[in-house]
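Notes to accompany the following structure.
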Amino acid sequence: MIASLSLILLCQLAGEVFVRAFKLPMPGPVVGLLLLLALLLARDRFKVLARGPLQQDGVENASRGLLAHLSLLFVPAGVGVVQKLDLIAEHGIAIVVVLAISVVVTLLVTVATFLFASRLMARGRSAP
Amino acid sequence: MSENPLSLWVYLSQSPLLWLTVTLLVYAIADAVSLATHRNPLANPVLHSMWIIGAFLLLTGTSYTTYFGGAQFVHFLLGPATVALAVPLYENRKLVAASVLPMLAALVAGSLTAVISVVVLAEVAGLPRPIVLSLAPKSVTAGIAMGISESLHADPSLTAVAVVLTGIMGAIIVTPLMNRMGIADFRARGFAVGVAAHGIGTARAFQVDAVAGAFAGIAMSLNALVTSLLVPLAVTLLVR
């Protein structure tokens with residue numbers, strides 16, 4: 001468990017170092033994600049890597065544990081709303097309406113594009 | 001007990017222990033209620049934890065800074081949880097590899113829509129400039145959105161609130177919306193909620209379907225990447 005958590009933190013740390021060293025505009029944890037994915041894929045190919053947290057579902061179980069309560073992790077940032085009460089009294093309704101419309105439009109555009117592209121691909125494959 | 005209860009409160013209210021306990025306890029109760037209602041979208045555990053803890057802080061006159069002293073341990077885990085998304089991605093790698101093109105098309109369309117729609121709508125609603133800038137990165141996960149907000153000289157703490165509100169609204173609306181539209185492809189449903197509503201949407205997707213959860217996780221991390229490039233550009237073009 002400790003080794004698995006260390007591996008996750010190590011990937012994040014390496015991601016942060018990489019992003020800062022090369023002054024990339026991308027977030028460190030996302031690079032960490034790619035690194036962990038690469039490690040998992042490399043483990044299936046090279047058996048020497050299958051040790052410590054990379055065996056017996058070690059890092060997999062630790063990750064599932066973290067993701068099982070993903071929404072909890074947003075609570076502290078959300079409670080920050082108490083600092084913004086004066087702003088919310090003034091503009092709260094407009095902000096909520098703007099965010100609500102934007103989220104619905106984004107959901108619809110994304111799902112429609114996904115389905116359209118996947119149908120286009122399926123048609124391309126069936127009629128070569 | 002010789003100690004004055006007030007001095008005990010003064011001591012505890014300044015310690016991280018109390019606020020970490022409050023955060024976990026309130027969330028555990030909100031999550032149990034959500035489970036008891038068969039994951040009804042309106043019983044969203046983040047939404048209810050937020051107002052209950054917020055009300056408690058206001059009633060006890062506790063500052064957010066003091067609260068965050070305890071809650072920061074939970075907040076910190078947002079980074080490791082992003083790294084952990086590698087695991088569902090790895091487990092669904094065959095399905096993901098087969099849907100790379102639809103994913104990339106949906107990612108570009110969704111990221112652009114998320115940023116442009118919120119900036120245009122906020123300008124139309126006549127919101128002041130600093131608020132418009134703070135809302136722009138609202139569809140990406142909290143830590144990253146706050147970083148973008150800072151680089152725009154906007155208000156990162158307002159951005160964090162906008163991020164959480166967006167996530168909650170996306171998580172509440174996605175299931176009824178997709179059911180009404182008759183969309184049964186859980187890859188597409190998950191991907192859409194990951195782009196539109198980051199981690200809170202992803203948490204919701206995992207509750208509904210494992211494949212939807214994996215696609216939401218991918219969408220959320222790819223969107224973090226694209227949005228951090230897109231927002232500064234969109235803001236220079238749209239806001240003047």
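Just so we're on the same page: first chain in the structure tokens is A, next is B, and so on; residues restart at 1 for each chain, and ligands are numbered from 1 in the order they show up.
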
Check your understanding: Which neighbours of range 217-232 of chain B fall inside 7 Å, counting only C-alpha atoms, when residues of the same chain fewer than 3 positions from it are skipped, and could you give them as a list in words?
Key ->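 Once the nearby chain positions are removed, what remains is Pro25, Met26, Pro27 and Val30 of chain A; Leu85, Leu89, Leu107, Ser111, Val115, Ala136, Pro137, Val140, Thr141, Ile144, Ile148, Phe191, Gly194, Val195, His198, Gly199, Thr202, Gly213, Ala214, Val235 and Thr236 of chain B.
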
Exercise for review: At a cut-off of 6 Å, list the chain A residues touching chain B, using only C-alpha atoms, as a PyMOL selection string.
Suggested key: chain A and resi 26+29+32-33+37+60+63+66+70-71+73+75-79+81-82+98+102-103+106-107+110-111+113-114+117-118

Exercise for review: Write out as number ranges by chain each polymer residue whose atoms come within 10 Å of Leu10 in chain A, counting only C-alpha atoms; drop sequence neighbours fewer than 4 positions from it.
Suggested key: A: 4-6, 14-16, 32, 35-36; B: 80, 83

Exercise for review: Extract, using only C-alpha atoms, all DNA, RNA and protein residues at most 9 Å from Val59 in chain A, discarding same-chain residues fewer than 2 positions from it, and format them as a list in words.
Suggested key: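 With the cut-off at 9 Å, the set is Met1, Ala3, Ser4, Leu5, Leu7, Ile8, Pro53, Leu54, Gln55, Gln56, Asp57, Asn61, Ala62, Ser63 and Arg64 of chain A; Ala84 and Val87 of chain B.
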
Residues of the last selection are to be written out with C-alpha atoms, as a compact mmCIF listing (two decimals), in the first residue's frame.
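Written out: again-v1.txt:
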```
# COMPACT_ATOMS: atom_id res chain seq x y z
CA MET A 1 0.00 0.00 0.00
CA ALA A 3 4.87 1.43 -1.95
CA SER A 4 1.90 1.88 -4.31
CA LEU A 5 1.11 5.35 -2.96
CA LEU A 7 4.79 5.20 -6.86
CA ILE A 8 1.77 7.43 -7.57
CA PRO A 53 3.78 -2.01 -6.44
CA LEU A 54 3.69 -3.11 -10.08
CA GLN A 55 2.70 -6.66 -9.16
CA GLN A 56 -0.40 -8.27 -7.65
CA ASP A 57 -2.58 -5.28 -8.45
CA ASN A 61 -5.81 -1.14 -5.92
CA ALA A 62 -4.31 2.05 -4.47
CA SER A 63 -5.56 4.00 -7.51
CA ARG A 64 -9.04 2.50 -7.25
CA ALA B 84 -4.41 7.39 -10.55
CA VAL B 87 -5.37 2.74 -14.03
```

Practice item. Report the distance between CA of Arg129 in chain B and CA of Val96 in chain A in Å, rounded to one decimal place. Key: 16.4 Å

Review point. By how many Å are CA of Gly92 in chain A and CA of Ala216 in chain B apart?
Key: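 Atom-to-atom, CA of Gly92 in chain A to CA of Ala216 in chain B, that is 28.3 Å.
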
Exercise for review: Would you please work out which residue, of A:Leu115, A:Val31, A:Ile101, A:Ile93, is nearest to Val17 in chain A when using only C-alpha atoms?
Suggested key: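 Once distances to Val17 in chain A are computed over only C-alpha atoms, the minimum belongs to A:Val31.
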
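One finds CA of Thr66 in chain B at 8.1 Å from CA of Ser15 in chain B.
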